[in-house]
Amino acid sequence: MAMLFEPFTIRDVEFKNRIVMSPMCMYSSHNEDGMIEDWHKTHYATRAVGQVGLIIVEATAVQPAGRISAQDLGIWSDEHIEGLTEVVRLMQQHGAKAGIQLAHAGRKATVDGDIYAPSAIAFNDKYKSPVEMTIDDIKTTVQAFKEGAIRAKKAGFDVIELHGAHGYLINEFLSPLSNKRTDDYGGTAENRYRMLHEIIDAVRTVWEGPLFVRISAHDYTDGGMTSIAYVEMAKWMKEQGIDLIDVSSGAVVPAAIDAFPGYQVKFSETIKEGADIATAAVGLITTGIQAEEILKNGRADMILLARELLRDPYWAYTAAKDLRVEIQSPKQYERGWMF
């Protein structure tokens, strides 16, 4: 059996394989209320039929001001639970585990009204200037993540991921490029980590299941975070009960990135080895053979696919063929594999 298709267990949740659909915003909550719509039901269920082991629903805002766009999904209200529950049911009935990424966009929010960040510095001239968060704002946001986790549990999700990457709020606190605070939430690595520390602790009081954090392991800018610097923070995350680090990179400040196949895998490997924690690799991973190499060489424990699963919802079947593995398909599709 290829390692890509071996079951993988975190806490008491067994994933049937190590293929994960990376959270990707669909910008399809067209009533701008954060609600699930028919698009989401079709989109996520299709990848479950395609034999993805874990599907992580797109960045889902814990506060209205924390949406990347007004069309993002939300989890700031109990009214969101019903739609999310239906999406979970549709994914799970095809054997996929259901994850959700709890998020706050910080200074990269593009909604009406004030937006918030650790420091009052705009991302670039295309974004409006954020309001520097007060201590009360921080405490309120930590509580919003906790309440989002409670709702995710009620909706039946198997996994929660905290979005600490791509220049959004948690990432903004972690990076010295965007966090210029002089209080207990800025300056040293311990202080910049403080908000994430509080969020993890708060979520862990209401959530016993697998808990991931997505990070941007390299800022691609002098003075910014690197995978080596993140090893220390990953150790802190492990001590707090984080089960896996989802290792992406970039986007906290405008920067040129030389993207090539597997360009972020080395960051995953560094953090996995340095912090002795499970990691997921992501970024221009397109073939089963490429994914298998990453796993077999101990560079990551799970493989996250994004655009490749937009192009091909049934990528798992193609990967299985490349790796000469037979996997079960829905009965309705069996004839498609007969020659």
# chains A, B, ... in the order shown; residues from 1 in each chain; ligands from 1
$ residues_around --residues "A:His218" --least-positions-apart "5" --cutoff "12 Å" --atoms "only C-alpha atoms" --output "NGL selection string"
:A and (165-167 or 171 or 174-175 or 177 or 223-231 or 247-253 or 255-257 or 263-268 or 270-271)
$ residues_around --residues "A:Arg192" --least-positions-apart "5" --cutoff "8 Å" --atoms "only C-alpha atoms" --output "list in words"
Phe173, Leu174, Ser175, Pro176, Asn179, Asp184, Tyr185, Gly186 and Gly187 of chain A
$ write_last_selection --atoms "C-alpha atoms" --output "short mmCIF file (atom, residue, chain, number, x, y, z; two decimals), in the first residue's frame"
data_model
loop_
_atom_site.label_atom_id
_atom_site.label_comp_id
_atom_site.auth_asym_id
_atom_site.auth_seq_id
_atom_site.Cartn_x
_atom_site.Cartn_y
_atom_site.Cartn_z
CA PHE A 173 0.43 39.14 15.36
CA LEU A 174 3.09 36.46 14.84
CA SER A 175 5.21 38.39 12.33
CA PRO A 176 7.41 41.32 13.41
CA ASN A 179 3.18 43.62 14.57
CA ASP A 184 2.39 42.38 25.98
CA TYR A 185 1.27 41.40 22.47
CA GLY A 186 4.27 42.77 20.59
CA GLY A 187 8.04 42.78 20.55
#
$ residues_around --residues "A:Ile75" --least-positions-apart "3" --cutoff "9 Å" --atoms "only C-alpha atoms" --output "list in words"
Gly34, Met35, Thr60, Ala61, Val62, Gln63, Pro64, Asp78, Glu79, His80, Ile81, Leu84, Leu102, Glu147, Gly148, Ala149, Arg151 and Ala152 of chain A
$ residues_around --residues "A:Ala117" --least-positions-apart "4" --cutoff "7 Å" --atoms "only C-alpha atoms" --output "short mmCIF file (atom, residue, chain, number, x, y, z; two decimals) with C-alpha atoms, in the first residue's frame"
data_model
loop_
_atom_site.label_atom_id
_atom_site.label_comp_id
_atom_site.auth_asym_id
_atom_site.auth_seq_id
_atom_site.Cartn_x
_atom_site.Cartn_y
_atom_site.Cartn_z
CA GLY A 106 -7.33 41.26 10.19
CA ARG A 107 -5.97 44.08 8.04
CA PRO A 130 -6.84 49.07 10.07
CA VAL A 131 -7.66 50.11 13.62
CA GLU A 132 -5.04 48.97 16.12
CA MET A 133 -6.70 46.48 18.42
CA LEU A 169 -4.99 38.39 11.85
#
$ closest_residue --among "A:Thr134, A:Gly288, A:Ala109, A:Met26" --to "A:Trp315" --atoms "only C-alpha atoms"
A:Gly288
$ residues_around --residues "A:Val20" --least-positions-apart "3" --cutoff "12 Å" --atoms "only C-alpha atoms" --output "JSON, numbers by chain"
{"A": [4, 5, 8, 15, 16, 17, 23, 24, 44, 47, 48, 50, 51, 52, 53, 54, 55, 56, 57, 96, 97, 98, 99, 100, 159, 246, 280, 281, 282, 285, 291, 301, 302, 303, 304, 305, 306, 308, 309, 313, 315, 316]}
$ residues_around --residues "A:Tyr27" --least-positions-apart "4" --cutoff "8 Å" --atoms "only C-alpha atoms" --output "JSON, numbers by chain"
{"A": [69, 70, 71, 72, 73]}
$ closest_residue --among "A:Glu269, A:Asp322, A:Thr221, A:Gly66" --to "A:Ile289" --atoms "only C-alpha atoms"
A:Asp322
